[in-house]
>>> print(open('target32.cif').read())   # mmCIF, C-alpha atoms
data_protein
loop_
_atom_site.group_PDB
_atom_site.id
_atom_site.type_symbol
_atom_site.label_atom_id
_atom_site.label_comp_id
_atom_site.auth_asym_id
_atom_site.auth_seq_id
_atom_site.Cartn_x
_atom_site.Cartn_y
_atom_site.Cartn_z
ATOM 1 C CA MET V 1 12.396 2.900 -19.249
ATOM 2 C CA ILE V 2 15.686 1.279 -18.209
ATOM 3 C CA VAL V 3 17.735 4.179 -19.569
ATOM 4 C CA THR V 4 15.417 6.751 -17.972
ATOM 5 C CA ILE V 5 15.588 5.124 -14.531
ATOM 6 C CA LEU V 6 19.353 4.781 -14.812
ATOM 7 C CA LEU V 7 19.965 8.392 -15.812
ATOM 8 C CA GLU V 8 17.342 10.151 -13.681
ATOM 9 C CA VAL V 9 17.206 8.048 -10.514
ATOM 10 C CA VAL V 10 20.008 5.517 -10.058
ATOM 11 C CA LEU V 11 22.929 7.493 -11.469
ATOM 12 C CA PRO V 12 22.319 10.570 -9.251
ATOM 13 C CA VAL V 13 22.184 8.263 -6.231
ATOM 14 C CA PHE V 14 25.540 6.715 -7.084
ATOM 15 C CA VAL V 15 27.099 10.088 -7.839
ATOM 16 C CA LEU V 16 26.333 11.169 -4.266
ATOM 17 C CA ILE V 17 27.566 7.872 -2.837
ATOM 18 C CA GLY V 18 30.743 8.262 -4.885
ATOM 19 C CA PHE V 19 31.313 11.790 -3.588
ATOM 20 C CA GLY V 20 30.866 10.543 -0.028
ATOM 21 C CA SER V 21 33.426 7.794 -0.607
ATOM 22 C CA LEU V 22 35.877 10.237 -2.188
ATOM 23 C CA MET V 23 35.492 12.744 0.667
ATOM 24 C CA GLN V 24 36.062 9.997 3.226
ATOM 25 C CA ARG V 25 39.289 8.944 1.517
ATOM 26 C CA ILE V 26 40.562 12.513 1.313
ATOM 27 C CA PHE V 27 39.299 14.069 4.572
ATOM 28 C CA ARG V 28 38.584 11.093 6.895
ATOM 29 C CA LEU V 29 35.127 12.370 7.810
ATOM 30 C CA ASP V 30 33.690 12.052 11.309
ATOM 31 C CA LEU V 31 31.085 9.322 10.706
ATOM 32 C CA TYR V 32 29.790 9.567 14.268
ATOM 33 C CA THR V 33 28.857 13.218 13.777
ATOM 34 C CA LEU V 34 27.329 12.566 10.354
ATOM 35 C CA SER V 35 25.155 9.812 11.834
ATOM 36 C CA LYS V 36 24.020 12.092 14.655
ATOM 37 C CA ILE V 37 22.989 14.815 12.178
ATOM 38 C CA ASN V 38 20.951 12.294 10.169
ATOM 39 C CA PHE V 39 19.542 10.559 13.216
ATOM 40 C CA TYR V 40 18.456 13.494 15.367
ATOM 41 C CA PHE V 41 17.704 16.330 12.955
ATOM 42 C CA ILE V 42 17.384 15.710 9.216
ATOM 43 C CA THR V 43 15.220 12.572 9.273
ATOM 44 C CA PRO V 44 12.796 13.853 11.959
ATOM 45 C CA ALA V 45 12.398 17.106 10.015
ATOM 46 C CA ALA V 46 11.649 15.230 6.773
ATOM 47 C CA VAL V 47 9.081 12.973 8.466
ATOM 48 C CA PHE V 48 7.354 15.917 10.156
ATOM 49 C CA MET V 49 7.066 17.892 6.917
ATOM 50 C CA SER V 50 5.812 14.945 4.860
ATOM 51 C CA MET V 51 3.002 14.294 7.346
ATOM 52 C CA TYR V 52 2.193 17.975 7.777
ATOM 53 C CA HIS V 53 1.686 18.421 4.013
ATOM 54 C CA SER V 54 -0.098 15.096 3.381
ATOM 55 C CA ASP V 55 -3.320 15.308 1.299
ATOM 56 C CA MET V 56 -4.586 11.698 1.434
ATOM 57 C CA SER V 57 -8.159 10.737 2.358
ATOM 58 C CA GLY V 58 -8.777 8.896 5.603
ATOM 59 C CA ALA V 59 -9.955 5.732 3.825
ATOM 60 C CA LEU V 60 -6.902 5.509 1.591
ATOM 61 C CA LEU V 61 -4.614 6.301 4.496
ATOM 62 C CA GLY V 62 -6.107 3.359 6.393
ATOM 63 C CA THR V 63 -5.626 1.066 3.378
ATOM 64 C CA VAL V 64 -1.977 2.048 3.020
ATOM 65 C CA VAL V 65 -1.349 1.531 6.743
ATOM 66 C CA LEU V 66 -3.017 -1.911 6.602
ATOM 67 C CA PHE V 67 -1.002 -2.908 3.534
ATOM 68 C CA TYR V 68 2.243 -1.739 5.073
ATOM 69 C CA GLY V 69 1.563 -3.386 8.430
ATOM 70 C CA LEU V 70 0.877 -6.763 6.810
ATOM 71 C CA TYR V 71 3.834 -6.341 4.461
ATOM 72 C CA VAL V 72 6.465 -5.729 7.152
ATOM 73 C CA PHE V 73 4.957 -8.379 9.450
ATOM 74 C CA ILE V 74 5.302 -11.043 6.749
ATOM 75 C CA LEU V 75 8.848 -9.863 6.007
ATOM 76 C CA TRP V 76 9.653 -10.133 9.702
ATOM 77 C CA ILE V 77 8.413 -13.735 9.755
ATOM 78 C CA VAL V 78 10.508 -14.571 6.675
ATOM 79 C CA GLY V 79 13.577 -12.867 8.140
ATOM 80 C CA THR V 80 13.200 -14.588 11.505
ATOM 81 C CA LEU V 81 12.909 -18.023 9.879
ATOM 82 C CA VAL V 82 15.920 -17.400 7.641
ATOM 83 C CA ALA V 83 18.005 -16.133 10.578
ATOM 84 C CA ARG V 84 17.181 -19.233 12.623
ATOM 85 C CA PHE V 85 17.979 -21.538 9.732
ATOM 86 C CA MET V 86 21.312 -19.788 9.167
ATOM 87 C CA LYS V 87 22.005 -19.774 12.941
ATOM 88 C CA PHE V 88 22.880 -16.077 12.993
ATOM 89 C CA PRO V 89 24.019 -14.608 16.346
ATOM 90 C CA SER V 90 21.694 -12.046 17.937
ATOM 91 C CA SER V 91 23.534 -9.037 16.519
ATOM 92 C CA MET V 92 23.409 -10.472 13.022
ATOM 93 C CA ARG V 93 19.715 -11.407 13.363
ATOM 94 C CA ALA V 94 18.898 -7.778 14.134
ATOM 95 C CA ALA V 95 21.034 -6.502 11.248
ATOM 96 C CA PHE V 96 19.564 -9.038 8.817
ATOM 97 C CA ASN V 97 15.937 -8.229 9.661
ATOM 98 C CA ASN V 98 16.679 -4.509 9.430
ATOM 99 C CA SER V 99 18.229 -5.009 5.982
ATOM 100 C CA ILE V 100 15.070 -6.629 4.602
ATOM 101 C CA MET V 101 12.418 -4.634 6.490
ATOM 102 C CA LEU V 102 13.867 -1.109 6.329
ATOM 103 C CA ASP V 103 13.839 -0.079 2.684
ATOM 104 C CA ASN V 104 14.782 3.050 0.776
ATOM 105 C CA SER V 105 11.263 4.438 0.310
ATOM 106 C CA GLY V 106 12.443 8.027 0.618
ATOM 107 C CA ASN V 107 15.487 9.137 -1.341
ATOM 108 C CA TYR V 108 15.065 6.281 -3.848
ATOM 109 C CA GLY V 109 11.342 5.520 -3.698
ATOM 110 C CA MET V 110 10.111 9.099 -4.000
ATOM 111 C CA PRO V 111 12.019 9.865 -7.259
ATOM 112 C CA ILE V 112 10.904 6.565 -8.810
ATOM 113 C CA ASN V 113 7.304 7.293 -7.823
ATOM 114 C CA ALA V 114 7.488 10.751 -9.410
ATOM 115 C CA LEU V 115 9.036 9.304 -12.560
ATOM 116 C CA VAL V 116 6.527 6.467 -13.004
ATOM 117 C CA PHE V 117 3.398 8.473 -12.159
ATOM 118 C CA LYS V 118 4.593 11.771 -13.634
ATOM 119 C CA GLY V 119 4.015 13.689 -10.418
ATOM 120 C CA ASP V 120 0.475 12.394 -9.792
ATOM 121 C CA PRO V 121 -0.503 13.841 -6.355
ATOM 122 C CA LEU V 122 -2.312 10.691 -5.219
ATOM 123 C CA ALA V 123 0.631 8.426 -5.971
ATOM 124 C CA GLY V 124 3.023 10.949 -4.446
ATOM 125 C CA SER V 125 1.011 11.186 -1.215
ATOM 126 C CA MET V 126 0.920 7.405 -0.910
ATOM 127 C CA GLN V 127 4.694 7.174 -1.273
ATOM 128 C CA ALA V 128 5.157 9.973 1.269
ATOM 129 C CA LEU V 129 3.018 8.040 3.759
ATOM 130 C CA ILE V 130 5.005 4.862 3.078
ATOM 131 C CA MET V 131 8.192 6.842 3.699
ATOM 132 C CA SER V 132 6.785 8.133 7.012
ATOM 133 C CA LEU V 133 5.693 4.668 8.112
ATOM 134 C CA GLN V 134 9.098 3.355 7.109
ATOM 135 C CA SER V 135 10.781 6.032 9.201
ATOM 136 C CA LEU V 136 8.553 5.163 12.154
ATOM 137 C CA LEU V 137 9.451 1.483 11.756
ATOM 138 C CA THR V 138 13.137 2.359 11.472
ATOM 139 C CA PHE V 139 13.237 4.308 14.699
ATOM 140 C CA THR V 140 11.000 1.935 16.643
ATOM 141 C CA TYR V 141 11.512 -1.673 15.588
ATOM 142 C CA GLY V 142 14.879 -0.989 13.934
ATOM 143 C CA VAL V 143 16.321 0.647 17.037
ATOM 144 C CA ILE V 144 14.693 -1.746 19.514
ATOM 145 C CA ALA V 145 15.935 -4.793 17.569
ATOM 146 C CA ILE V 146 19.527 -3.563 17.714
ATOM 147 C CA GLN V 147 19.215 -2.478 21.339
ATOM 148 C CA GLY V 148 17.767 -5.878 22.247
ATOM 149 C CA ALA V 149 20.666 -7.646 20.556
ATOM 150 C CA LYS V 150 23.239 -5.504 22.334
ATOM 151 C CA LEU V 151 21.540 -5.199 25.723
ATOM 152 C CA LYS V 152 20.487 -8.869 25.817
ATOM 153 C CA GLY V 153 16.997 -8.467 27.238
ATOM 154 C CA ASN V 154 17.458 -5.220 29.167
ATOM 155 C CA TYR V 155 14.042 -4.003 28.058
ATOM 156 C CA ARG V 156 13.996 -1.059 30.441
ATOM 157 C CA SER V 157 17.026 0.407 28.689
ATOM 158 C CA MET V 158 15.453 -0.429 25.320
ATOM 159 C CA VAL V 159 12.285 1.502 26.197
ATOM 160 C CA ILE V 160 14.297 4.457 27.469
ATOM 161 C CA SER V 161 16.354 4.459 24.263
ATOM 162 C CA PHE V 162 13.167 4.380 22.174
ATOM 163 C CA LEU V 163 11.659 7.307 24.094
ATOM 164 C CA LYS V 164 14.756 9.332 23.239
ATOM 165 C CA MET V 165 14.164 8.857 19.487
ATOM 166 C CA PRO V 166 12.826 12.053 17.832
ATOM 167 C CA VAL V 167 11.153 10.506 14.745
ATOM 168 C CA PRO V 168 8.016 9.059 16.412
ATOM 169 C CA TYR V 169 7.327 12.434 18.033
ATOM 170 C CA ALA V 170 7.907 14.203 14.710
ATOM 171 C CA LEU V 171 5.469 11.899 12.893
ATOM 172 C CA VAL V 172 2.673 12.260 15.470
ATOM 173 C CA LEU V 173 3.152 16.021 15.771
ATOM 174 C CA GLY V 174 3.188 16.524 11.992
ATOM 175 C CA LEU V 175 -0.019 14.507 11.559
ATOM 176 C CA LEU V 176 -1.709 16.281 14.456
ATOM 177 C CA LEU V 177 -0.904 19.756 13.146
ATOM 178 C CA HIS V 178 -2.068 18.666 9.676
ATOM 179 C CA VAL V 179 -5.431 17.437 10.988
ATOM 180 C CA LEU V 180 -5.936 20.593 13.074
ATOM 181 C CA HIS V 181 -4.861 22.862 10.162
ATOM 182 C CA VAL V 182 -2.366 24.674 12.362
ATOM 183 C CA PRO V 183 -0.263 27.096 10.288
ATOM 184 C CA LEU V 184 3.488 27.020 10.778
ATOM 185 C CA PRO V 185 5.334 30.327 11.131
ATOM 186 C CA VAL V 186 8.032 30.889 8.522
ATOM 187 C CA PHE V 187 10.829 30.797 11.089
ATOM 188 C CA VAL V 188 9.755 27.207 11.866
ATOM 189 C CA SER V 189 8.686 25.906 8.455
ATOM 190 C CA GLN V 190 11.664 27.254 6.503
ATOM 191 C CA PRO V 191 14.412 25.571 8.567
ATOM 192 C CA LEU V 192 12.432 22.317 8.511
ATOM 193 C CA THR V 193 12.072 22.600 4.739
ATOM 194 C CA TYR V 194 15.812 23.155 4.364
ATOM 195 C CA ALA V 195 16.468 20.053 6.477
ATOM 196 C CA GLN V 196 13.958 18.008 4.469
ATOM 197 C CA GLN V 197 15.572 19.042 1.200
ATOM 198 C CA SER V 198 19.012 18.021 2.482
ATOM 199 C CA LEU V 199 17.918 14.483 3.395
ATOM 200 C CA VAL V 200 18.940 12.780 0.147
ATOM 201 C CA ALA V 201 22.338 14.426 -0.164
ATOM 202 C CA ILE V 202 23.452 14.098 3.456
ATOM 203 C CA ALA V 203 22.207 10.518 3.863
ATOM 204 C CA LEU V 204 23.850 9.293 0.657
ATOM 205 C CA LEU V 205 27.097 11.138 1.326
ATOM 206 C CA THR V 206 27.146 9.473 4.744
ATOM 207 C CA LEU V 207 26.542 6.077 3.164
ATOM 208 C CA GLY V 208 29.393 6.636 0.702
ATOM 209 C CA ALA V 209 31.720 7.539 3.551
ATOM 210 C CA GLN V 210 30.657 4.449 5.522
ATOM 211 C CA ILE V 211 31.225 2.097 2.597
ATOM 212 C CA VAL V 212 34.874 3.129 2.232
ATOM 213 C CA LYS V 213 35.447 2.218 5.874
ATOM 214 C CA TYR V 214 34.712 -1.451 5.269
ATOM 215 C CA PRO V 215 36.142 -3.841 2.654
ATOM 216 C CA LEU V 216 33.651 -5.084 0.061
ATOM 217 C CA ARG V 217 33.073 -8.801 0.667
ATOM 218 C CA LEU V 218 31.220 -10.073 -2.367
ATOM 219 C CA TYR V 219 31.659 -13.661 -1.192
ATOM 220 C CA ARG V 220 29.430 -13.249 1.901
ATOM 221 C CA LEU V 221 26.389 -15.495 1.600
ATOM 222 C CA ASP V 222 24.376 -13.526 4.160
ATOM 223 C CA ILE V 223 24.493 -10.448 1.922
ATOM 224 C CA TYR V 224 23.046 -12.309 -1.067
ATOM 225 C CA ILE V 225 20.334 -13.887 1.066
ATOM 226 C CA SER V 226 19.362 -10.394 2.216
ATOM 227 C CA LEU V 227 19.284 -9.145 -1.388
ATOM 228 C CA PHE V 228 17.062 -12.058 -2.473
ATOM 229 C CA VAL V 229 14.540 -11.482 0.311
ATOM 230 C CA ARG V 230 14.549 -7.698 -0.103
ATOM 231 C CA LEU V 231 14.381 -7.524 -3.920
ATOM 232 C CA ILE V 232 12.484 -10.720 -4.844
ATOM 233 C CA ILE V 233 10.442 -11.946 -1.875
ATOM 234 C CA GLY V 234 9.431 -8.379 -0.917
ATOM 235 C CA PRO V 235 7.696 -7.647 -4.249
ATOM 236 C CA VAL V 236 6.055 -11.104 -4.218
ATOM 237 C CA ILE V 237 4.557 -10.271 -0.823
ATOM 238 C CA GLY V 238 3.489 -6.843 -2.096
ATOM 239 C CA CYS V 239 1.808 -8.318 -5.174
ATOM 240 C CA THR V 240 -0.038 -10.897 -3.068
ATOM 241 C CA LEU V 241 -1.332 -8.217 -0.701
ATOM 242 C CA VAL V 242 -2.488 -6.006 -3.585
ATOM 243 C CA PHE V 243 -4.592 -8.891 -4.906
ATOM 244 C CA THR V 244 -5.829 -9.858 -1.435
ATOM 245 C CA LEU V 245 -6.941 -6.310 -0.583
ATOM 246 C CA GLY V 246 -8.620 -5.905 -3.986
ATOM 247 C CA LEU V 247 -6.630 -2.802 -4.927
ATOM 248 C CA LYS V 248 -6.641 -1.474 -8.482
ATOM 249 C CA GLY V 249 -5.327 1.446 -10.510
ATOM 250 C CA ILE V 250 -2.873 3.943 -9.075
ATOM 251 C CA PRO V 251 -3.159 2.728 -5.433
ATOM 252 C CA ALA V 252 -2.307 -0.835 -6.512
ATOM 253 C CA GLN V 253 0.520 0.283 -8.773
ATOM 254 C CA ALA V 254 2.047 2.656 -6.209
ATOM 255 C CA LEU V 255 2.022 0.090 -3.399
ATOM 256 C CA LEU V 256 3.387 -2.661 -5.613
ATOM 257 C CA ILE V 257 6.282 -0.511 -6.772
ATOM 258 C CA ALA V 258 6.892 0.647 -3.184
ATOM 259 C CA SER V 259 7.335 -2.990 -2.133
ATOM 260 C CA GLY V 260 10.388 -3.352 -4.395
ATOM 261 C CA MET V 261 12.717 -0.701 -2.988
ATOM 262 C CA PRO V 262 16.319 -1.595 -2.013
ATOM 263 C CA SER V 263 17.591 -1.621 1.567
ATOM 264 C CA GLY V 264 17.390 1.840 3.100
ATOM 265 C CA VAL V 265 20.233 4.190 3.904
ATOM 266 C CA ASN V 266 18.889 4.333 7.461
ATOM 267 C CA THR V 267 19.819 0.660 7.820
ATOM 268 C CA SER V 268 23.441 1.665 7.514
ATOM 269 C CA ILE V 269 23.002 4.796 9.637
ATOM 270 C CA LEU V 270 21.482 2.742 12.466
ATOM 271 C CA ALA V 271 24.242 0.160 12.206
ATOM 272 C CA GLU V 272 26.865 2.901 12.457
ATOM 273 C CA GLU V 273 25.015 4.668 15.282
ATOM 274 C CA TYR V 274 24.868 1.538 17.451
ATOM 275 C CA ALA V 275 28.010 -0.246 16.119
ATOM 276 C CA ASN V 276 25.951 -3.293 15.106
ATOM 277 C CA GLU V 277 27.258 -5.081 11.980
ATOM 278 C CA PRO V 278 27.967 -1.815 10.075
ATOM 279 C CA ASP V 279 30.007 -3.720 7.480
ATOM 280 C CA PHE V 280 27.057 -5.964 6.558
ATOM 281 C CA ALA V 281 24.578 -3.066 6.610
ATOM 282 C CA ALA V 282 26.613 -0.764 4.351
ATOM 283 C CA GLN V 283 27.167 -3.488 1.770
ATOM 284 C CA THR V 284 23.520 -4.615 1.635
ATOM 285 C CA VAL V 285 22.460 -1.016 1.023
ATOM 286 C CA LEU V 286 24.969 -0.514 -1.789
ATOM 287 C CA LEU V 287 24.475 -3.876 -3.534
ATOM 288 C CA SER V 288 20.686 -3.908 -3.219
ATOM 289 C CA THR V 289 20.563 -0.442 -4.789
ATOM 290 C CA LEU V 290 22.775 -1.639 -7.632
ATOM 291 C CA PHE V 291 20.757 -4.802 -8.329
ATOM 292 C CA ASN V 292 17.541 -2.837 -7.991
ATOM 293 C CA VAL V 293 18.180 -1.349 -11.431
ATOM 294 C CA VAL V 294 17.001 -4.668 -12.854
ATOM 295 C CA THR V 295 14.318 -5.644 -10.349
ATOM 296 C CA ILE V 296 12.544 -2.267 -10.151
ATOM 297 C CA THR V 297 12.316 -2.063 -13.947
ATOM 298 C CA ALA V 298 10.585 -5.455 -14.045
ATOM 299 C CA LEU V 299 8.280 -4.445 -11.188
ATOM 300 C CA ILE V 300 7.263 -1.202 -12.910
ATOM 301 C CA SER V 301 6.388 -3.169 -16.038
ATOM 302 C CA LEU V 302 4.293 -5.569 -13.940
ATOM 303 C CA ALA V 303 2.541 -2.714 -12.113
ATOM 304 C CA LYS V 304 1.288 -1.228 -15.377
ATOM 305 C CA MET V 305 -0.898 -4.332 -15.803
ATOM 306 C CA PHE V 306 -3.035 -3.392 -12.774
#
>>> encode(input="target32.cif", output="structure tokens")
Amino acid sequence: MIVTILLEVVLPVFVLIGFGSLMQRIFRLDLYTLSKINFYFITPAAVFMSMYHSDMSGALLGTVVLFYGLYVFILWIVGTLVARFMKFPSSMRAAFNNSIMLDNSGNYGMPINALVFKGDPLAGSMQALIMSLQSLLTFTYGVIAIQGAKLKGNYRSMVISFLKMPVPYALVLGLLLHVLHVPLPVFVSQPLTYAQQSLVAIALLTLGAQIVKYPLRLYRLDIYISLFVRLIIGPVIGCTLVFTLGLKGIPAQALLIASGMPSGVNTSILAEEYANEPDFAAQTVLLSTLFNVVTITALISLAKMF
């Protein structure tokens, strides 16, 4: 299992990150433009298409939403307490909470889900919903947290900034068209499909380019605290919720594994977009993905007991 995950999931991720780093060194890429492409086009397209093609039942959808809501709320409490104890400034508090709450459920979680469950449609739909909820959280809480730290209580500007975010509209529209069985014309669906398929490559290339911009500081305690909460405390919370909600079989296994993803690429994209601790964000994404080779293998083994 370790070799399979390494060769089929983790290694491709790091190949793309490596290419992004190499291209940044050679060409000095425009990171601002790359972030805009991710932020305003590729991610909204991917969220819309995942919701439009969802095939989950209403009951299971509600269970996944409940699980995820409790999961991120508990993580937020943990992150807030840790940030207060460490006396982080407001900008760092926002970056720290984003690093533990916004995980890589898409370009890392989806391949792992497909590998573990061998393409099972139920497990795949659950992971797609988690990815959509994660995207919604990223472009609501994630953005508002950073805006609040930078605008220092200017909530009117925060609300205006949130209303400019395309992802919430994409999620609601995709779900609405799915429920109403509205067919998409090819000239609409095909470009959105192309954008969805480019998500992994463009996001990881961007991350690789961002990492080169900042020196790797392996001595930073805040990074290791983030990794511990994200990779250890997160799965503990997920396991507790699975037991509490009485979940079994594939739903329990899929949600447990989903709780152990590393910090998401969007954490770094947001940090770059709003110039809020991009150094910290890029390093937590890279290191949590690296250490996740060990933690996700253990979590998959645990999930098979359910």
>>> closest_residue(input="target32.cif", among="V:Leu176, V:Leu256, V:Val285, V:Leu7", to="Met101 in chain V", atoms="only C-alpha atoms")
V:Val285
>>> residues_around(input="target32.cif", residues="Pro121 in chain V", least_positions_apart="6", cutoff="10 Å", atoms="only C-alpha atoms", output="list of chain:residue names")
V:Ser54, V:Asp55, V:Met56, V:Ala114, V:Gln127
>>> closest_atom_pairs(input="target32.cif", of="range 182-291 of chain V", to="range 102-106 of chain V", cutoff="7 Å", atoms="all atoms listed in the file", output="JSON lines")
{"residue": "V:Ala258", "atom": "CA", "partner": "V:Ser105", "partner_atom": "CA", "distance": 6.8}
{"residue": "V:Met261", "atom": "CA", "partner": "V:Asn104", "partner_atom": "CA", "distance": 5.7}
{"residue": "V:Pro262", "atom": "CA", "partner": "V:Asp103", "partner_atom": "CA", "distance": 5.5}
{"residue": "V:Ser263", "atom": "CA", "partner": "V:Asp103", "partner_atom": "CA", "distance": 4.2}
{"residue": "V:Gly264", "atom": "CA", "partner": "V:Asn104", "partner_atom": "CA", "distance": 3.7}
{"residue": "V:Val265", "atom": "CA", "partner": "V:Asn104", "partner_atom": "CA", "distance": 6.4}
{"residue": "V:Thr267", "atom": "CA", "partner": "V:Leu102", "partner_atom": "CA", "distance": 6.4}
>>> write_last_selection(input="target32.cif", atoms="C-alpha atoms", output="PDB file, keeping the file's coordinate frame")
ATOM      1  CA  ALA V 258       6.892   0.647  -3.184  1.00  0.00           C
ATOM      2  CA  MET V 261      12.717  -0.701  -2.988  1.00  0.00           C
ATOM      3  CA  PRO V 262      16.319  -1.595  -2.013  1.00  0.00           C
ATOM      4  CA  SER V 263      17.591  -1.621   1.567  1.00  0.00           C
ATOM      5  CA  GLY V 264      17.390   1.840   3.100  1.00  0.00           C
ATOM      6  CA  VAL V 265      20.233   4.190   3.904  1.00  0.00           C
ATOM      7  CA  THR V 267      19.819   0.660   7.820  1.00  0.00           C
TER       8      THR V 267
END
>>> residues_around(input="target32.cif", residues="range 25-40 of chain V", least_positions_apart="4", cutoff="7 Å", atoms="only C-alpha atoms", output="PyMOL selection string")
chain V and resi 21+44+166+203+206+269+273
>>> write_last_selection(input="target32.cif", atoms="C-alpha atoms", output="PDB file, in the coordinates of the input")
ATOM      1  CA  SER V  21      33.426   7.794  -0.607  1.00  0.00           C
ATOM      2  CA  PRO V  44      12.796  13.853  11.959  1.00  0.00           C
ATOM      3  CA  PRO V 166      12.826  12.053  17.832  1.00  0.00           C
ATOM      4  CA  ALA V 203      22.207  10.518   3.863  1.00  0.00           C
ATOM      5  CA  THR V 206      27.146   9.473   4.744  1.00  0.00           C
ATOM      6  CA  ILE V 269      23.002   4.796   9.637  1.00  0.00           C
ATOM      7  CA  GLU V 273      25.015   4.668  15.282  1.00  0.00           C
TER       8      GLU V 273
END
>>> closest_atom_pairs(input="target32.cif", of="range 66-130 of chain V", to="range 237-249 of chain V", cutoff="9 Å", atoms="all atoms listed in the file", output="tab-separated table")
residue	atom	partner	partner_atom	distance
V:Phe67	CA	V:Leu241	CA	6.8
V:Tyr68	CA	V:Gly238	CA	8.9
V:Leu70	CA	V:Leu241	CA	8.0
V:Tyr71	CA	V:Gly238	CA	6.6
V:Ile74	CA	V:Ile237	CA	7.6
V:Leu75	CA	V:Ile237	CA	8.1
>>> write_last_selection(input="target32.cif", atoms="C-alpha atoms", output="short mmCIF file (atom, residue, chain, number, x, y, z; two decimals), keeping the file's coordinate frame")
data_model
loop_
_atom_site.label_atom_id
_atom_site.label_comp_id
_atom_site.auth_asym_id
_atom_site.auth_seq_id
_atom_site.Cartn_x
_atom_site.Cartn_y
_atom_site.Cartn_z
CA PHE V 67 -1.00 -2.91 3.53
CA TYR V 68 2.24 -1.74 5.07
CA LEU V 70 0.88 -6.76 6.81
CA TYR V 71 3.83 -6.34 4.46
CA ILE V 74 5.30 -11.04 6.75
CA LEU V 75 8.85 -9.86 6.01
#
>>> atom_distance(input="target32.cif", atom1="CA of Ile223 in chain V", atom2="CA of Gln283 in chain V")
7.5 Å
>>> resolve_selection(input="target32.cif", expression="the PyMOL selection byres ((chain V and resi 136) around 10)", output="PDB file with C-alpha atoms, in the coordinates of the input")
ATOM      1  CA  PRO V  44      12.796  13.853  11.959  1.00  0.00           C
ATOM      2  CA  VAL V  47       9.081  12.973   8.466  1.00  0.00           C
ATOM      3  CA  ILE V 130       5.005   4.862   3.078  1.00  0.00           C
ATOM      4  CA  MET V 131       8.192   6.842   3.699  1.00  0.00           C
ATOM      5  CA  SER V 132       6.785   8.133   7.012  1.00  0.00           C
ATOM      6  CA  LEU V 133       5.693   4.668   8.112  1.00  0.00           C
ATOM      7  CA  GLN V 134       9.098   3.355   7.109  1.00  0.00           C
ATOM      8  CA  SER V 135      10.781   6.032   9.201  1.00  0.00           C
ATOM      9  CA  LEU V 137       9.451   1.483  11.756  1.00  0.00           C
ATOM     10  CA  THR V 138      13.137   2.359  11.472  1.00  0.00           C
ATOM     11  CA  PHE V 139      13.237   4.308  14.699  1.00  0.00           C
ATOM     12  CA  THR V 140      11.000   1.935  16.643  1.00  0.00           C
ATOM     13  CA  TYR V 141      11.512  -1.673  15.588  1.00  0.00           C
ATOM     14  CA  GLY V 142      14.879  -0.989  13.934  1.00  0.00           C
ATOM     15  CA  MET V 165      14.164   8.857  19.487  1.00  0.00           C
ATOM     16  CA  PRO V 166      12.826  12.053  17.832  1.00  0.00           C
ATOM     17  CA  VAL V 167      11.153  10.506  14.745  1.00  0.00           C
ATOM     18  CA  PRO V 168       8.016   9.059  16.412  1.00  0.00           C
ATOM     19  CA  TYR V 169       7.327  12.434  18.033  1.00  0.00           C
ATOM     20  CA  ALA V 170       7.907  14.203  14.710  1.00  0.00           C
ATOM     21  CA  LEU V 171       5.469  11.899  12.893  1.00  0.00           C
ATOM     22  CA  VAL V 172       2.673  12.260  15.470  1.00  0.00           C
TER      23      VAL V 172
END
>>> axis_aligned_box(input="target32.cif", around="range 248-264 of chain V", padding_each_side="6 Å", output="JSON")
{"center_x": 5.5, "center_y": 0.3, "center_z": -3.7, "size_x": 36.2, "size_y": 19.3, "size_z": 25.6}
>>> closest_residue(input="target32.cif", among="V:Val236, V:Tyr52, V:Met23, V:Phe306", to="Leu173 in chain V", atoms="all atoms listed in the file")
V:Tyr52
>>> atom_distance(input="target32.cif", atom1="CA of Asp222 in chain V", atom2="CA of Ala209 in chain V")
22.3 Å
>>> residues_around(input="target32.cif", residues="Val10 in chain V", least_positions_apart="4", cutoff="9 Å", atoms="only C-alpha atoms", output="list in words")
Ile5, Leu6, Phe14, Val15, Tyr108, Thr289, Leu290, Asn292 and Val293 of chain V
>>> closest_residue(input="target32.cif", among="V:Ala145, V:Leu221, V:Leu184, V:Val9", to="Met86 in chain V", atoms="all atoms listed in the file")
V:Leu221
>>> atom_distance(input="target32.cif", atom1="CA of Gly124 in chain V", atom2="CA of Phe19 in chain V")
28.3 Å
>>> closest_atom_pairs(input="target32.cif", of="range 227-285 of chain V", to="range 294-304 of chain V", cutoff="7 Å", atoms="all atoms listed in the file", output="JSON lines")
{"residue": "V:Leu231", "atom": "CA", "partner": "V:Thr295", "partner_atom": "CA", "distance": 6.7}
{"residue": "V:Gln253", "atom": "CA", "partner": "V:Ala303", "partner_atom": "CA", "distance": 4.9}
{"residue": "V:Leu256", "atom": "CA", "partner": "V:Ala303", "partner_atom": "CA", "distance": 6.6}
{"residue": "V:Ile257", "atom": "CA", "partner": "V:Leu299", "partner_atom": "CA", "distance": 6.2}
{"residue": "V:Gly260", "atom": "CA", "partner": "V:Ile296", "partner_atom": "CA", "distance": 6.2}
>>> resolve_selection(input="target32.cif", expression="the PyMOL selection byres ((chain V and resi 282) around 9)", output="ChimeraX atom specification")
/V:207-208,210-211,214,265,267-269,271-272,277-281,283-287
>>> residues_around(input="target32.cif", residues="Ile42 in chain V", least_positions_apart="4", cutoff="8 Å", atoms="all atoms listed in the file", output="CSV table (one decimal) with C-alpha atoms, in the coordinates of the input")
chain,number,residue,atom,x,y,z
V,37,ILE,CA,23.0,14.8,12.2
V,38,ASN,CA,21.0,12.3,10.2
V,46,ALA,CA,11.6,15.2,6.8
V,195,ALA,CA,16.5,20.1,6.5
V,196,GLN,CA,14.0,18.0,4.5
V,198,SER,CA,19.0,18.0,2.5
V,199,LEU,CA,17.9,14.5,3.4
